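Let me begin by presenting the structure, written as structure tokens, before commenting on it.
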Amino acid sequence: MTVPAGRPHLSVVIPSYNEEQRLPASLRSILDYLDTAKLPAEVLVVDDGSTDDTQRAAAAALGRERGRVLRHAENRGKGAGFRTGFAAAQGRWVLLTDADLSTPIAEHARLAEAARQGDLDLVIGSRGLRDSRVEVAQTRLRRSLGKTFNRILRTATGMRFRDTQCGFKLMDRERLAPVVERMLVDGFAFDVELLYVATRFGLRVAEVPVTWRNSPDSRVSMTKAPPRMLIDVLRVLWRFRRGGYNP
């Protein structure tokens, strides 16, 4: 399947940092899924200033007609990678996914069905719902820190989502564009910013259970990431209350 001359139905955005080893297999899985599902789609890999051969590996796996590799000159963070990919996307829908496919690409069908049935603007995959299937769990420390972060987040923002950080989200590009254009968080808390501003703008958002398999080679530092994420959440709340996200 090649990217059609017209508007693709789906843009798959993959922020990537030093993913030379894992990305080729993930891209093969994504392309196989798109072929099987017969989805007119493009794949956008955002190389976030990698120091390895992520750009070359992604370009080789995609070929000349399957998608594009976008590159940051320096490492800026997953949120920045998401915004770069979203801005370049041409699809009616944008699917954000992790380079390691912790959530299998076939779960896209579940999110797309939820979006159709509920007339939703943004559907987020979740590890925290009753029907979520965690096949390979995180370490006890990561699970504990994740639950603590979620409790703090729910108290600070009033949002009731059980899992904001699962890296698998499907969104209506046109409806989410005014939100993404105003986002400022470059790091891992960009998910919180996306959800908080989207809900405050009155967009229709739902959380859907997905299958998830932890990758032991996580890029999230348990010493550096949590404090940075909390600071970024406070920045989002402060900016929103001062009208910084208003049109």
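In the structure tokens, chains take the letters A, B, ... in the order shown, each chain's residues start at 1, and ligands count up from 1 in the order shown.
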
Could you pull the residues within 12 Å of Met159 (chain A), counting only C-alpha atoms, minus those fewer than 3 positions along the same chain, as a list in words?
->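 Listing them by chain and then by number gives Asn150, Arg151, Ile152, Leu153, Arg154, Thr155, Ala156, Arg162, Asp163, Thr164, Val192, Glu193, Leu194, Leu195, Tyr196, Val197, Ala198, Thr199, Arg200, Val205, Ala206 and Glu207 of chain A.
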
Could those selected residues go to a file with N, CA and C atoms, as a compact mmCIF listing (two decimals), in the first residue's frame?
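Writing done, so here's selection_33.txt:
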# COMPACT_ATOMS: atom_id res chain seq x y z
N ASN A 150 -0.96 9.68 39.09
CA ASN A 150 -2.35 9.76 38.66
C ASN A 150 -3.24 10.34 39.75
N ARG A 151 -2.99 9.94 41.01
CA ARG A 151 -3.79 10.49 42.11
C ARG A 151 -3.58 11.99 42.25
N ILE A 152 -2.33 12.42 42.16
CA ILE A 152 -2.04 13.85 42.24
C ILE A 152 -2.70 14.59 41.08
N LEU A 153 -2.60 13.99 39.91
CA LEU A 153 -3.16 14.61 38.71
C LEU A 153 -4.67 14.76 38.81
N ARG A 154 -5.34 13.72 39.27
CA ARG A 154 -6.80 13.77 39.38
C ARG A 154 -7.23 14.85 40.36
N THR A 155 -6.47 15.01 41.44
CA THR A 155 -6.79 16.03 42.43
C THR A 155 -6.54 17.43 41.88
N ALA A 156 -5.42 17.61 41.18
CA ALA A 156 -5.03 18.94 40.70
C ALA A 156 -5.87 19.41 39.53
N ARG A 162 -8.13 7.28 34.18
CA ARG A 162 -7.33 6.34 34.97
C ARG A 162 -5.89 6.24 34.48
N ASP A 163 -5.67 6.59 33.21
CA ASP A 163 -4.32 6.45 32.65
C ASP A 163 -4.14 7.50 31.56
N THR A 164 -3.41 8.57 31.91
CA THR A 164 -3.15 9.62 30.93
C THR A 164 -1.89 9.34 30.12
N VAL A 192 -0.88 15.01 29.52
CA VAL A 192 -1.75 15.70 30.46
C VAL A 192 -2.23 17.02 29.85
N GLU A 193 -1.31 17.75 29.26
CA GLU A 193 -1.67 19.02 28.62
C GLU A 193 -2.70 18.79 27.53
N LEU A 194 -2.48 17.80 26.69
CA LEU A 194 -3.40 17.49 25.60
C LEU A 194 -4.80 17.21 26.14
N LEU A 195 -4.90 16.36 27.15
CA LEU A 195 -6.20 15.98 27.69
C LEU A 195 -6.86 17.13 28.44
N TYR A 196 -6.08 17.84 29.22
CA TYR A 196 -6.65 18.92 30.03
C TYR A 196 -7.24 20.03 29.14
N VAL A 197 -6.45 20.46 28.16
CA VAL A 197 -6.92 21.54 27.29
C VAL A 197 -8.08 21.05 26.41
N ALA A 198 -7.98 19.81 25.90
CA ALA A 198 -9.06 19.28 25.07
C ALA A 198 -10.38 19.24 25.82
N THR A 199 -10.35 18.76 27.06
CA THR A 199 -11.60 18.69 27.83
C THR A 199 -12.11 20.09 28.17
N ARG A 200 -11.21 21.01 28.45
CA ARG A 200 -11.64 22.37 28.76
C ARG A 200 -12.17 23.09 27.53
N VAL A 205 -13.95 13.36 24.70
CA VAL A 205 -12.80 12.51 24.97
C VAL A 205 -13.25 11.28 25.74
N ALA A 206 -12.72 10.12 25.39
CA ALA A 206 -13.05 8.89 26.10
C ALA A 206 -11.80 8.04 26.27
N GLU A 207 -11.83 7.23 27.31
CA GLU A 207 -10.74 6.31 27.67
C GLU A 207 -11.18 4.89 27.34

Computed interatomic separation between CA of Arg228 (chain A) and CA of Pro209 (chain A) (Å) |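 Value for the CA of Arg228 (chain A)-CA of Pro209 (chain A) distance: 27.1 Å.
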
Region 41-232 of chain A: which residues are alpha helix (DSSP H) by DSSP, as an MDAnalysis selection string?
-> chainID A and resid 54:62 78:88 108:118 140:157 173:180 190:200 225:232

Using only C-alpha atoms, find each residue in region 133-174 of chain A having at least one atom no more than 8 Å away from region 114-126 of chain A; report its shortest atom-to-atom pair and that distance in Å (one decimal), rows by chain then rising number, as JSON lines.
{"residue": "A:Arg162", "atom": "CA", "partner": "A:Ser126", "partner_atom": "CA", "distance": 7.1}
{"residue": "A:Asp163", "atom": "CA", "partner": "A:Ser126", "partner_atom": "CA", "distance": 5.3}
{"residue": "A:Thr164", "atom": "CA", "partner": "A:Ser126", "partner_atom": "CA", "distance": 7.4}
{"residue": "A:Cys166", "atom": "CA", "partner": "A:Ser126", "partner_atom": "CA", "distance": 6.0}
{"residue": "A:Gly167", "atom": "CA", "partner": "A:Gly125", "partner_atom": "CA", "distance": 7.5}
{"residue": "A:Phe168", "atom": "CA", "partner": "A:Gly125", "partner_atom": "CA", "distance": 5.3}
{"residue": "A:Lys169", "atom": "CA", "partner": "A:Ile124", "partner_atom": "CA", "distance": 4.5}
{"residue": "A:Leu170", "atom": "CA", "partner": "A:Val123", "partner_atom": "CA", "distance": 5.2}
{"residue": "A:Met171", "atom": "CA", "partner": "A:Leu122", "partner_atom": "CA", "distance": 4.3}
{"residue": "A:Asp172", "atom": "CA", "partner": "A:Asp121", "partner_atom": "CA", "distance": 5.2}

If you keep N, CA and C atoms, can you produce a file of those selected residues as a short mmCIF file (atom, residue, chain, number, x, y, z; two decimals), in the first residue's frame?
data_model
loop_
_atom_site.label_atom_id
_atom_site.label_comp_id
_atom_site.auth_asym_id
_atom_site.auth_seq_id
_atom_site.Cartn_x
_atom_site.Cartn_y
_atom_site.Cartn_z
N ARG A 162 -8.13 7.28 34.18
CA ARG A 162 -7.33 6.34 34.97
C ARG A 162 -5.89 6.24 34.48
N ASP A 163 -5.67 6.59 33.21
CA ASP A 163 -4.32 6.45 32.65
C ASP A 163 -4.14 7.50 31.56
N THR A 164 -3.41 8.57 31.91
CA THR A 164 -3.15 9.62 30.93
C THR A 164 -1.89 9.34 30.12
N CYS A 166 -0.50 6.37 28.82
CA CYS A 166 -0.37 5.33 27.80
C CYS A 166 -0.13 6.02 26.44
N GLY A 167 0.91 5.59 25.74
CA GLY A 167 1.31 6.28 24.53
C GLY A 167 0.55 5.85 23.29
N PHE A 168 -0.76 5.72 23.39
CA PHE A 168 -1.57 5.25 22.26
C PHE A 168 -2.85 6.05 22.25
N LYS A 169 -2.93 7.03 21.34
CA LYS A 169 -4.05 7.96 21.33
C LYS A 169 -4.47 8.24 19.89
N LEU A 170 -5.78 8.26 19.66
CA LEU A 170 -6.33 8.52 18.34
C LEU A 170 -7.14 9.81 18.39
N MET A 171 -6.90 10.70 17.44
CA MET A 171 -7.57 12.00 17.52
C MET A 171 -7.98 12.51 16.15
N ASP A 172 -9.07 13.24 16.14
CA ASP A 172 -9.56 13.94 14.95
C ASP A 172 -8.62 15.12 14.71
#

Find the residues around region 22-34 of chain A up to 6 Å (only C-alpha atoms counted), leave out those fewer than 4 positions away in its own chain, and share them as a list in words.
->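 Listed by chain and then number, they are Lys38, Leu39, Ala61 and Ala99 of chain A.
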
Test item, strand (DSSP E or B) assignment across chain A, answer as a ChimeraX atom specification | /A:10-16,41-48,67-72,93-97,122-126,133-136,168-172,205-209,211-213

Resulting file, chosen residues, C-alpha atoms, as a PDB file, in the first residue's frame:
ATOM      1  CA  LEU A  10      -4.891   8.001   8.999  1.00  0.00           C
ATOM      2  CA  SER A  11      -1.549   9.500   9.992  1.00  0.00           C
ATOM      3  CA  VAL A  12       0.507   7.347  12.369  1.00  0.00           C
ATOM      4  CA  VAL A  13       2.884   9.562  14.381  1.00  0.00           C
ATOM      5  CA  ILE A  14       5.832   7.928  16.153  1.00  0.00           C
ATOM      6  CA  PRO A  15       8.091  10.167  18.298  1.00  0.00           C
ATOM      7  CA  SER A  16      11.449   8.377  18.474  1.00  0.00           C
ATOM      8  CA  ALA A  41      -2.445   6.000   5.633  1.00  0.00           C
ATOM      9  CA  GLU A  42       0.895   7.686   6.090  1.00  0.00           C
ATOM     10  CA  VAL A  43       3.521   6.933   8.743  1.00  0.00           C
ATOM     11  CA  LEU A  44       5.467   9.830  10.258  1.00  0.00           C
ATOM     12  CA  VAL A  45       8.539   9.011  12.334  1.00  0.00           C
ATOM     13  CA  VAL A  46       9.873  11.990  14.284  1.00  0.00           C
ATOM     14  CA  ASP A  47      13.546  11.469  15.099  1.00  0.00           C
ATOM     15  CA  ASP A  48      13.965  13.620  18.191  1.00  0.00           C
ATOM     16  CA  GLY A  67       5.844   7.592   4.962  1.00  0.00           C
ATOM     17  CA  ARG A  68       8.340  10.216   6.068  1.00  0.00           C
ATOM     18  CA  VAL A  69      11.060  10.723   8.652  1.00  0.00           C
ATOM     19  CA  LEU A  70      11.110  14.149  10.297  1.00  0.00           C
ATOM     20  CA  ARG A  71      14.096  15.153  12.396  1.00  0.00           C
ATOM     21  CA  HIS A  72      14.892  17.522  15.255  1.00  0.00           C
ATOM     22  CA  TRP A  93      -7.265  10.998  12.001  1.00  0.00           C
ATOM     23  CA  VAL A  94      -3.923  10.992  13.812  1.00  0.00           C
ATOM     24  CA  LEU A  95      -2.759   7.971  15.798  1.00  0.00           C
ATOM     25  CA  LEU A  96       0.032   8.587  18.308  1.00  0.00           C
ATOM     26  CA  THR A  97       1.972   5.449  19.168  1.00  0.00           C
ATOM     27  CA  LEU A 122     -10.053  12.042  21.072  1.00  0.00           C
ATOM     28  CA  VAL A 123      -9.788   8.414  22.229  1.00  0.00           C
ATOM     29  CA  ILE A 124      -7.014   7.393  24.614  1.00  0.00           C
ATOM     30  CA  GLY A 125      -5.765   3.883  25.245  1.00  0.00           C
ATOM     31  CA  SER A 126      -5.728   2.944  28.913  1.00  0.00           C
ATOM     32  CA  ARG A 133      -5.062  -6.300  29.454  1.00  0.00           C
ATOM     33  CA  VAL A 134      -1.526  -5.817  30.807  1.00  0.00           C
ATOM     34  CA  GLU A 135       0.406  -8.777  29.452  1.00  0.00           C
ATOM     35  CA  VAL A 136       3.845  -7.644  30.665  1.00  0.00           C
ATOM     36  CA  PHE A 168      -1.567   5.248  22.259  1.00  0.00           C
ATOM     37  CA  LYS A 169      -4.054   7.963  21.332  1.00  0.00           C
ATOM     38  CA  LEU A 170      -6.334   8.519  18.338  1.00  0.00           C
ATOM     39  CA  MET A 171      -7.567  12.002  17.521  1.00  0.00           C
ATOM     40  CA  ASP A 172      -9.556  13.942  14.954  1.00  0.00           C
ATOM     41  CA  VAL A 205     -12.797  12.511  24.975  1.00  0.00           C
ATOM     42  CA  ALA A 206     -13.050   8.887  26.101  1.00  0.00           C
ATOM     43  CA  GLU A 207     -10.739   6.313  27.670  1.00  0.00           C
ATOM     44  CA  VAL A 208     -10.690   2.828  26.149  1.00  0.00           C
ATOM     45  CA  PRO A 209      -9.062  -0.337  27.562  1.00  0.00           C
ATOM     46  CA  THR A 211      -3.635  -4.509  25.552  1.00  0.00           C
ATOM     47  CA  TRP A 212      -0.260  -3.348  26.799  1.00  0.00           C
ATOM     48  CA  ARG A 213       3.166  -4.941  27.172  1.00  0.00           C
TER      49      ARG A 213
END

Using only C-alpha atoms, pick whichever of A:His108, A:Lys78, A:Arg83, A:Arg66 has the shortest atom-to-atom distance to Ala37 (chain A).
->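 Checking each candidate against Ala37 (chain A), we get A:His108 as the closest.
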